[in-house]
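Asks: Next comes the structure file model00.txt, holding compact mmCIF, C-alpha atoms.
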```txt
# COMPACT_ATOMS: atom_id res chain seq x y z
CA MET A 171 -13.08 17.06 76.66
CA SER A 172 -11.85 13.48 76.47
CA GLU A 173 -11.14 11.80 73.15
CA GLY A 174 -13.99 9.36 73.80
CA TYR A 175 -16.48 12.16 74.36
CA GLY A 176 -15.28 13.87 71.18
CA LYS A 177 -15.86 10.77 69.08
CA GLU A 178 -19.29 10.25 70.61
CA ALA A 179 -20.31 13.85 70.02
CA HIS A 180 -19.09 13.66 66.43
CA ALA A 181 -21.06 10.47 65.82
CA GLU A 182 -24.22 11.97 67.29
CA LEU A 183 -23.81 15.08 65.17
CA ALA A 184 -23.33 12.97 62.03
CA ASP A 185 -26.42 10.99 62.95
CA THR A 186 -28.48 14.16 63.33
CA VAL A 187 -27.27 15.52 59.98
CA ARG A 188 -28.10 12.22 58.30
CA ARG A 189 -31.63 12.23 59.68
CA LEU A 190 -32.17 15.82 58.60
CA GLU A 191 -30.98 15.02 55.08
CA HIS A 192 -33.38 12.10 54.81
CA HIS A 193 -36.27 14.12 56.11
CA ARG A 194 -35.56 17.03 53.81
CA SER A 195 -35.42 14.81 50.71
CA GLY A 196 -38.99 13.66 51.29
CA VAL A 197 -38.42 10.59 49.12
CA VAL A 198 -39.80 7.21 50.11
CA LEU A 199 -38.76 4.34 47.84
CA SER A 200 -41.65 2.19 46.68
CA GLY A 201 -42.14 -0.51 44.08
CA ARG A 202 -42.64 -4.23 43.63
CA ILE A 203 -40.93 -7.44 42.56
CA LYS A 204 -41.88 -8.73 39.11
CA ASP A 205 -40.34 -11.93 37.71
CA GLY A 206 -37.57 -11.69 40.27
CA LYS A 207 -36.68 -8.12 39.28
CA VAL A 208 -37.16 -4.92 41.23
CA GLU A 209 -39.52 -2.41 39.64
CA LEU A 210 -39.53 1.00 41.26
CA ASP A 211 -42.79 2.95 41.14
CA GLU A 212 -43.10 5.80 38.67
CA SER A 213 -43.31 8.26 41.52
CA THR A 214 -40.05 6.97 42.95
CA LEU A 215 -38.37 6.98 39.55
CA ARG A 216 -39.51 10.54 38.90
CA ALA A 217 -38.18 11.64 42.24
CA LEU A 218 -34.85 9.98 41.63
CA GLU A 219 -34.46 10.46 37.91
CA SER A 220 -32.83 13.83 37.85
CA LYS A 221 -30.21 13.07 40.43
CA PHE A 222 -29.72 9.33 40.41
CA ALA A 223 -29.98 8.10 36.83
CA GLY A 224 -28.47 4.65 36.53
CA ALA A 225 -28.64 3.90 40.24
CA ASP A 226 -30.22 0.56 39.47
CA ARG A 227 -27.42 -0.57 37.20
CA ALA A 228 -24.04 0.61 38.34
CA PHE A 229 -21.74 -1.02 40.89
CA VAL A 230 -23.80 -4.17 41.25
CA ALA A 231 -22.59 -7.46 42.69
CA VAL A 232 -21.97 -10.25 40.19
CA ASN A 233 -21.12 -13.63 41.64
CA ALA A 234 -21.99 -16.11 38.93
CA PRO A 235 -21.10 -16.71 35.27
CA PHE A 236 -22.28 -13.75 33.21
CA ASP A 237 -22.45 -15.46 29.81
CA PRO A 238 -24.94 -18.30 29.48
CA GLY A 239 -23.16 -19.23 26.28
CA SER A 240 -19.97 -20.25 28.05
CA GLN A 241 -17.83 -23.02 26.66
CA PRO A 242 -18.79 -26.58 27.63
CA ALA A 243 -16.85 -28.57 30.21
CA MET B 122 1.70 -6.65 41.69
CA ARG B 123 3.77 -9.50 40.32
CA SER B 124 4.62 -11.50 43.42
CA GLN B 125 3.54 -15.09 43.03
CA ASP B 126 3.87 -15.84 46.76
CA VAL B 127 0.38 -15.26 48.07
CA ARG B 128 1.45 -15.67 51.70
CA THR B 129 2.95 -12.18 51.69
CA THR B 130 -0.40 -10.45 51.25
CA ASP B 131 -3.00 -9.69 53.89
CA VAL B 132 -6.56 -8.45 54.10
CA ASP B 133 -5.58 -5.13 55.66
CA ALA B 134 -3.48 -4.33 52.63
CA PHE B 135 -6.54 -4.88 50.45
CA LEU B 136 -8.75 -2.75 52.68
CA THR B 137 -6.37 0.19 52.64
CA THR B 138 -4.79 -0.02 49.21
CA ASP B 139 -5.02 2.92 46.87
CA ALA B 140 -7.56 2.51 44.07
CA ALA B 141 -4.92 2.99 41.40
CA SER B 142 -2.45 0.46 42.74
CA GLY B 143 -3.79 -2.73 41.26
CA ARG B 144 -6.73 -3.89 43.34
CA VAL B 145 -7.61 -6.75 40.98
CA ALA B 146 -4.22 -8.41 41.31
CA LEU B 147 -4.18 -7.74 45.05
CA ALA B 148 -7.70 -9.11 45.57
CA ALA B 149 -6.70 -12.35 43.87
CA ARG B 150 -3.64 -12.76 46.05
CA VAL B 151 -5.42 -11.84 49.28
CA ALA B 152 -8.15 -14.35 48.43
CA LEU B 153 -5.61 -17.10 47.79
CA ALA B 154 -3.91 -16.35 51.11
CA HIS B 155 -6.93 -15.69 53.30
CA GLY B 156 -10.07 -16.82 51.48
CA GLY B 157 -9.90 -20.30 52.95
CA GLU B 158 -7.18 -22.89 52.54
CA THR B 159 -4.02 -21.06 51.43
CA VAL B 160 -3.32 -22.11 47.89
CA GLN B 161 -0.58 -21.21 45.43
CA CYS B 162 -1.97 -20.94 41.92
CA PRO B 163 0.91 -19.89 39.64
CA LEU B 164 -0.86 -20.68 36.36
CA TYR B 165 -3.96 -18.79 37.47
CA LEU B 166 -2.02 -15.74 38.66
CA GLU B 167 0.10 -15.59 35.52
CA ALA B 168 -2.96 -15.69 33.27
CA LEU B 169 -4.82 -13.15 35.43
CA ASP B 170 -1.90 -10.72 35.44
CA ARG B 171 -1.48 -10.99 31.67
CA ALA B 172 -5.18 -10.41 31.06
CA VAL B 173 -5.27 -7.38 33.38
CA GLU B 174 -2.35 -5.89 31.48
CA GLU B 175 -3.81 -6.59 28.06
CA GLU B 176 -7.45 -5.81 28.90
CA PRO B 177 -7.20 -3.28 31.75
CA PRO B 178 -10.40 -3.39 33.83
CA PRO B 179 -12.14 -0.05 34.39
CA PHE B 180 -12.97 -1.27 37.90
CA ASP B 181 -9.23 -1.31 38.64
CA THR B 182 -8.87 2.45 38.29
CA SER B 183 -9.06 5.44 40.60
CA THR B 184 -11.62 7.00 38.24
CA TYR B 185 -14.05 4.17 38.91
CA ALA B 186 -13.57 4.59 42.65
CA GLU B 187 -14.11 8.34 42.35
CA ILE B 188 -17.41 7.83 40.53
CA TYR B 189 -18.53 5.55 43.35
CA VAL B 190 -17.58 8.09 46.01
CA ASP B 191 -19.45 10.79 44.13
CA LYS B 192 -22.64 8.77 43.63
CA SER B 193 -22.73 7.21 47.06
CA ALA B 194 -22.78 10.63 48.72
CA ASP B 195 -26.51 10.68 47.93
CA TRP B 196 -28.52 8.53 50.31
CA ALA B 197 -31.14 7.56 47.70
CA TRP B 198 -28.49 6.30 45.29
CA MET B 199 -27.00 4.21 48.08
CA ALA B 200 -30.41 2.86 49.09
CA VAL B 201 -31.28 1.84 45.51
CA SER B 202 -27.79 0.36 45.16
CA LEU B 203 -28.37 -1.88 48.19
CA ILE B 204 -31.72 -3.04 46.77
CA THR B 205 -30.18 -3.73 43.35
CA ASN B 206 -27.31 -5.65 44.90
CA ALA B 207 -29.82 -7.80 46.79
CA GLU B 208 -31.56 -8.51 43.49
CA ARG B 209 -28.32 -9.47 41.73
CA GLU B 210 -27.18 -11.68 44.61
CA GLY B 211 -30.48 -13.55 44.49
CA ASP B 212 -30.23 -13.96 40.71
CA GLY B 213 -26.63 -15.16 40.98
CA ALA B 214 -27.66 -17.68 43.62
CA LYS B 215 -30.15 -19.22 41.18
CA ARG B 216 -27.54 -19.46 38.40
CA LEU B 217 -25.10 -21.16 40.75
CA TRP B 218 -27.80 -23.50 42.06
CA SER B 219 -28.55 -24.66 38.50
CA LEU B 220 -24.84 -25.13 37.73
CA SER B 221 -24.42 -27.11 40.94
CA ALA B 222 -27.42 -29.30 40.20
CA CYS B 223 -25.94 -30.25 36.82
CA SER B 224 -22.31 -30.64 37.88
CA GLU B 225 -20.94 -34.10 37.15
CA ASP B 226 -18.11 -33.70 39.68
CA ALA B 227 -19.25 -34.31 43.28
CA GLU B 228 -16.68 -31.95 44.82
CA VAL B 229 -17.47 -29.15 42.39
CA GLN B 230 -21.17 -29.71 43.00
CA GLN B 231 -20.74 -29.18 46.75
CA LEU B 232 -18.57 -26.09 46.26
CA LEU B 233 -21.15 -24.52 43.94
CA LYS B 234 -24.01 -25.46 46.25
CA ARG B 235 -22.32 -23.75 49.20
CA HIS B 236 -21.64 -20.73 46.98
CA ALA B 237 -25.32 -20.53 45.97
CA VAL B 238 -26.36 -20.73 49.62
CA ASP B 239 -23.92 -17.90 50.42
CA GLU B 240 -25.33 -15.68 47.69
CA ALA B 241 -28.92 -16.33 48.76
CA ARG B 242 -27.88 -15.18 52.26
CA HIS B 243 -26.08 -12.16 50.81
CA ALA B 244 -29.34 -10.95 49.27
CA LEU B 245 -30.80 -10.85 52.77
CA LEU B 246 -27.67 -9.20 54.17
CA TYR B 247 -27.96 -6.33 51.66
CA LEU B 248 -31.57 -5.89 52.77
CA ALA B 249 -30.39 -5.91 56.39
CA LEU B 250 -28.01 -3.07 55.51
CA LEU B 251 -30.96 -1.25 53.94
CA ASP B 252 -32.96 -1.68 57.15
CA LEU B 253 -30.09 -0.44 59.29
CA THR B 254 -29.50 2.70 57.26
CA PHE B 255 -32.62 3.72 55.32
CA ALA B 256 -35.58 2.07 57.07
CA ASP B 257 -37.47 5.38 57.19
CA ASN B 258 -37.13 5.85 53.44
CA VAL B 259 -38.52 2.55 52.15
CA ASP B 260 -42.26 1.89 51.83
CA GLY B 261 -43.34 -0.83 54.25
CA ASP B 262 -45.15 -3.05 51.73
CA PHE B 263 -42.28 -2.72 49.25
CA ARG B 264 -39.81 -3.72 51.94
CA VAL B 265 -41.76 -6.88 52.71
CA GLU B 266 -41.87 -7.74 49.00
CA LEU B 267 -38.09 -7.30 48.71
CA ASN B 268 -37.63 -10.43 50.83
CA GLN B 269 -38.61 -12.42 47.71
CA LEU B 270 -35.29 -11.49 46.13
CA SER B 271 -33.52 -14.25 48.07
CA PRO B 272 -34.25 -17.85 47.05
CA ARG B 273 -33.24 -18.80 50.62
CA TYR B 274 -31.31 -21.90 49.61
CA SER B 275 -29.89 -24.19 52.28
CA LEU B 276 -27.28 -26.94 52.20
CA LYS B 277 -29.94 -29.46 53.23
CA GLN B 278 -32.12 -28.57 50.26
CA GLU B 279 -32.30 -30.94 47.30
CA LEU B 280 -30.51 -29.69 44.19
CA ILE B 281 -32.95 -29.12 41.35
CA PRO B 282 -32.00 -26.77 38.48
CA VAL B 283 -34.11 -23.65 38.09
CA GLU B 284 -36.64 -24.33 35.31
CA GLY B 285 -35.53 -22.89 32.00
CA SER B 286 -32.17 -21.69 33.34
CA PRO B 287 -29.43 -21.45 30.71
CA TYR B 288 -27.04 -22.30 33.53
CA ALA B 289 -28.45 -25.81 33.94
CA LYS B 290 -25.29 -27.44 32.56
CA ASP B 291 -22.07 -29.05 33.69
CA PRO B 292 -19.77 -26.11 34.59
CA SER B 293 -16.50 -25.58 32.71
CA ILE B 294 -13.29 -23.64 33.31
CA ASP B 295 -14.91 -20.82 31.31
CA ASP B 296 -17.65 -20.56 33.96
CA PHE B 297 -15.11 -20.56 36.79
CA ILE B 298 -13.09 -17.80 35.09
CA GLN B 299 -16.22 -15.68 34.69
CA MET B 300 -17.16 -16.25 38.33
CA ASN B 301 -13.65 -15.44 39.49
CA ILE B 302 -13.46 -12.14 37.60
CA ALA B 303 -16.95 -11.12 38.73
CA GLU B 304 -16.22 -11.98 42.37
CA ILE B 305 -13.03 -9.91 42.28
CA ARG B 306 -15.04 -6.90 41.08
CA THR B 307 -17.62 -7.50 43.81
CA ALA B 308 -14.84 -7.63 46.43
CA ILE B 309 -13.53 -4.30 45.10
CA HIS B 310 -17.05 -2.88 45.41
CA HIS B 311 -17.04 -3.89 49.06
CA ILE B 312 -13.79 -2.02 49.62
CA MET B 313 -15.39 1.11 48.14
CA GLN B 314 -18.67 0.60 49.97
CA ARG B 315 -17.21 0.39 53.46
CA PRO B 316 -16.16 4.06 53.82
CA ALA B 317 -19.14 5.22 51.75
CA MET B 318 -21.61 3.51 54.09
CA ALA B 319 -19.95 5.04 57.11
CA ARG B 320 -21.69 8.32 56.37
CA TYR B 321 -25.03 6.59 57.02
CA PHE B 322 -24.04 4.87 60.28
CA THR B 323 -25.69 5.70 63.53
CA VAL B 324 -24.04 5.24 66.88
CA GLU B 325 -26.36 2.34 67.62
CA ASN B 326 -25.98 0.37 64.40
CA GLN B 327 -22.38 0.82 63.30
CA ARG B 328 -21.16 -2.37 64.95
CA ARG B 329 -23.89 -4.44 63.25
CA ILE B 330 -23.23 -2.83 59.85
CA ARG B 331 -19.49 -3.49 60.09
CA SER B 332 -20.18 -7.10 61.04
CA ILE B 333 -22.35 -7.60 57.94
CA GLN B 334 -19.76 -5.95 55.71
CA ASP B 335 -17.01 -8.17 57.14
CA SER B 336 -19.14 -11.23 56.48
CA LEU B 337 -19.82 -10.20 52.87
CA LEU B 338 -16.17 -9.49 52.11
CA ARG B 339 -15.02 -12.72 53.79
CA ASP B 340 -17.40 -14.72 51.59
CA GLU B 341 -16.38 -12.97 48.37
CA LEU B 342 -12.70 -13.73 49.06
CA LYS B 343 -13.68 -17.33 49.79
CA HIS B 344 -15.37 -17.54 46.40
CA VAL B 345 -12.37 -16.04 44.59
CA ASN B 346 -10.21 -18.59 46.41
CA TYR B 347 -12.09 -21.75 45.45
CA THR B 348 -12.73 -20.70 41.83
CA ALA B 349 -9.00 -19.90 41.45
CA ALA B 350 -8.15 -23.35 42.78
CA LEU B 351 -10.54 -24.99 40.31
CA ILE B 352 -9.10 -22.92 37.45
CA GLU B 353 -5.56 -23.93 38.46
CA ARG B 354 -6.54 -27.59 38.52
CA ILE B 355 -8.18 -27.60 35.09
CA ALA B 356 -5.43 -25.36 33.67
CA GLN B 357 -3.02 -28.28 33.96
CA THR B 358 -4.73 -29.70 30.88
CA LEU B 359 -4.46 -26.49 28.82
CA THR B 360 -1.56 -24.69 27.22
CA GLU B 361 -0.44 -21.36 28.66
CA GLU B 362 -1.84 -19.58 25.60
CA GLU B 363 -5.22 -21.31 25.84
CA LEU B 364 -5.64 -20.25 29.46
CA ALA B 365 -4.43 -16.71 28.72
CA GLY B 366 -6.86 -16.48 25.80
CA LEU B 367 -9.84 -17.46 27.92
CA PHE B 368 -8.92 -14.97 30.66
CA ARG B 369 -8.35 -12.21 28.14
CA ARG B 370 -11.68 -12.84 26.44
CA ARG B 371 -13.64 -12.87 29.67
CA PHE B 372 -11.97 -9.74 31.04
CA ARG B 373 -12.81 -8.02 27.76
CA ASP B 374 -16.45 -9.13 28.08
CA PHE B 375 -16.76 -8.12 31.73
CA ASN B 376 -15.04 -4.79 31.12
CA GLN B 377 -17.70 -4.05 28.50
CA ILE B 378 -20.46 -5.11 30.91
CA THR B 379 -18.98 -2.75 33.50
CA LEU B 380 -18.91 0.13 31.02
CA ASP B 381 -22.48 -0.60 29.92
CA GLU B 382 -23.60 -0.53 33.56
CA LEU B 383 -22.04 2.89 34.02
CA GLY B 384 -24.06 4.20 31.06
CA GLU B 385 -23.25 7.73 30.01
CA GLY B 386 -20.58 8.00 32.65
CA ALA B 387 -18.58 5.32 30.89
CA GLY B 388 -17.39 7.77 28.28
CA ILE B 389 -14.63 8.94 30.55
CA PHE B 390 -13.08 5.48 30.38
CA ASP B 391 -12.25 5.71 26.68
CA CYS B 392 -8.71 4.49 26.92
CA SER B 393 -8.26 6.22 30.23
CA VAL B 394 -6.87 2.92 31.40
CA ALA B 395 -3.96 3.58 29.04
CA CYS B 396 -4.11 0.36 27.09
CA CYS B 397 -3.80 2.29 23.81
CA GLU B 398 -0.39 3.51 24.80
CA ARG B 399 0.87 0.07 25.63
CA HIS B 400 -0.88 -2.04 23.04
CA PRO B 401 -1.37 -1.33 19.35
CA THR B 402 -4.18 -3.91 19.46
CA CYS B 403 -6.24 -1.69 21.75
CA ARG B 404 -9.93 -2.43 21.24
CA SER B 405 -10.63 1.12 20.10
CA LYS B 406 -8.30 0.72 17.13
CA VAL B 407 -9.08 -2.73 15.85
CA PRO B 408 -12.13 -4.04 14.04
CA SER B 409 -14.37 -6.39 15.97
CA THR B 410 -13.23 -9.31 13.80
CA SER B 411 -10.06 -9.48 15.89
CA VAL B 412 -12.11 -10.80 18.78
CA PRO B 413 -11.94 -14.62 18.90
CA SER B 414 -14.96 -16.21 17.32
CA THR B 415 -17.14 -18.70 19.14
CA PHE B 416 -15.55 -21.41 17.00
CA GLU B 417 -12.07 -20.34 18.10
CA LEU B 418 -13.15 -20.37 21.74
CA ILE B 419 -14.56 -23.87 21.37
CA GLN B 420 -11.19 -24.94 19.98
CA ILE B 421 -9.47 -23.37 23.00
CA ALA B 422 -11.85 -24.96 25.48
CA GLY B 423 -11.38 -28.31 23.82
```
Rewrite the structure of this file - the entire thing - as structure tokens.
Replies:
Amino acid sequence: MSEGYGKEAHAELADTVRRLEHHRSGVVLSGRIKDGKVELDESTLRALESKFAGADRAFVAVNAPFDPGSQPA
Amino acid sequence: MRSQDVRTTDVDAFLTTDAASGRVALAARVALAHGGETVQCPLYLEALDRAVEEEPPPFDTSTYAEIYVDKSADWAWMAVSLITNAEREGDGAKRLWSLSACSEDAEVQQLLKRHAVDEARHALLYLALLDLTFADNVDGDFRVELNQLSPRYSLKQELIPVEGSPYAKDPSIDDFIQMNIAEIRTAIHHIMQRPAMARYFTVENQRRIRSIQDSLLRDELKHVNYTAALIERIAQTLTEEELAGLFRRRFRDFNQITLDELGEGAGIFDCSVACCERHPTCRSKVPSTSVPSTFELIQIAG
């Protein structure tokens, strides 16, 4: 078995596992945008709540000033 | 990380560095060397290093990286994280657009405008990552609605501040310091996200995902670079202590924001960054009155 074939087989296996995990979870994310903010549906929140509390807050990108009360120029 | 010569650092070092080895300091130096025009910013680096030592960021620890690895192992967490990041990028773009519109300096105005355009594009790039990894797990109507998260700014577009935005004001060094610290954390997030996302790659889409991630990281380093250069320029008019005080204050603020975002999980950071051992003024031991008042900050900012 060549190294290339090994990598390809590993990638295909990982892909299959990933798809199975998604399918098994049975969760489809749904919601809406309100005033520029994401609002997940209750059904989605209930499905996620036990395992993913705080998923909408942690490790978010911040690229602008975070205090509107910053000192003047 | 105390070297002041930014030319000795490279992006690969940042990509592969251990989480506990000072990613904040390294990110700043990599950005100065490779985030655009190579610039030496000794005043900026000195103030940044002092602030990191005195107000150690939780996002500069291996514990923070471990929490990310743990959470990102769940596909739904990662999917929601991508959506939330798109939302925050779009919101940041609007703040920057308002700042740019009100900037009295033509060069600064253009830099902020380009930055806002970048962030508006980033919102769409996070959604592209969502499509490439979790398309089967997002409701179709919801996915269409998510496109609203990006204000889709362009460089040709006329600058008009967002109505009611508290960021519709001439930007100051305080704003640039906040942006710089926040961008460094976002760059660190990208370093953590790259291996975490790999678990959701498919053979067909991995090249496209890596390309998007490279583009995002390149832009974040560019933003750290230009804000550092602006800070260095304005710092010439401040004393060393004034600059250090502003950096320290904003690291303290952003550290608290980071801990608040982590919610209950933040408890493990109680002095785990070891500042208590090094500094008797550790925030857990001093009353809140030791924090500079708004009046004191106004005095510092002039």
Asks: Using all atoms listed in the file, which residue out of B:Leu147, B:Ile298, B:Ala152, B:Leu251 lies closest to B:Arg370?
Replies: B:Ile298
Asks: Rank A:Leu210, A:Lys204, A:Leu215, A:Pro242 by their smallest atom-to-atom distance to chain B, using all atoms listed in the file, and report the top residue only.
Replies: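 Checking each of A:Leu210, A:Lys204, A:Leu215, A:Pro242 against chain B, counting all atoms listed in the file, the winner is A:Pro242.
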Asks: Kindly provide, as an MDAnalysis selection string, the residues of chain B having any atom no farther than 7 Å from an atom of chain A, counting all atoms listed in the file.
Replies: chainID B and resid 198 201:202 205:206 208:210 213 216:217 258:260 263 266:267 270 287:288 291:296 299:300 303:304 307 310 321 323:324 382:383 419 422
Asks: What's the 7 Å shell around stretch 332-348 of chain B, counting all atoms listed in the file, without same-chain residues fewer than 4 positions away, as a short mmCIF file (atom, residue, chain, number, x, y, z; two decimals) with C-alpha atoms, in the frame of the given file?
Replies:
```
data_model
loop_
_atom_site.label_atom_id
_atom_site.label_comp_id
_atom_site.auth_asym_id
_atom_site.auth_seq_id
_atom_site.Cartn_x
_atom_site.Cartn_y
_atom_site.Cartn_z
CA ALA B 149 -6.70 -12.35 43.87
CA ALA B 152 -8.15 -14.35 48.43
CA LEU B 153 -5.61 -17.10 47.79
CA GLY B 156 -10.07 -16.82 51.48
CA GLY B 157 -9.90 -20.30 52.95
CA HIS B 243 -26.08 -12.16 50.81
CA LEU B 246 -27.67 -9.20 54.17
CA PHE B 297 -15.11 -20.56 36.79
CA ASN B 301 -13.65 -15.44 39.49
CA GLU B 304 -16.22 -11.98 42.37
CA ILE B 305 -13.03 -9.91 42.28
CA ALA B 308 -14.84 -7.63 46.43
CA HIS B 311 -17.04 -3.89 49.06
CA ARG B 328 -21.16 -2.37 64.95
CA ILE B 352 -9.10 -22.92 37.45
#
```
Asks: Quick one: residues within 9 Å of B:Ala319, all atoms listed in the file counted, chain neighbours fewer than 5 positions away excluded, as a list in words?
Replies: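 Skipping anything fewer than 5 positions along the chain leaves Gln314, Gln327 and Ile330 of chain B.
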Asks: Can you pull out the residues contacting stretch 223-227 of chain B? Cut-off 8 Å, using all atoms listed in the file, and skip same-chain residues under 3 positions away; I want them as a ChimeraX atom specification.
Replies: /B:219-220,230-231,282,289-292
Asks: Could you work out how far atom CA of B:Ala365 lies from atom CA of B:Ala134, giving the answer in Å with one decimal?
Replies: 26.9 Å
Asks: So how far away is atom CA of B:Asp252 from atom CA of B:Asp191, in Å?
Replies: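 Calculated distance between atom CA of B:Asp191 and atom CA of B:Asp252 is 22.5 Å.
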Asks: Between atom CA of B:Asp239 and atom CA of B:Asp212, what distance in Å does the model show, to one decimal?
Replies: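 Taking atom CA of B:Asp239 as the start and atom CA of B:Asp212 as the end point, the length is 12.2 Å.
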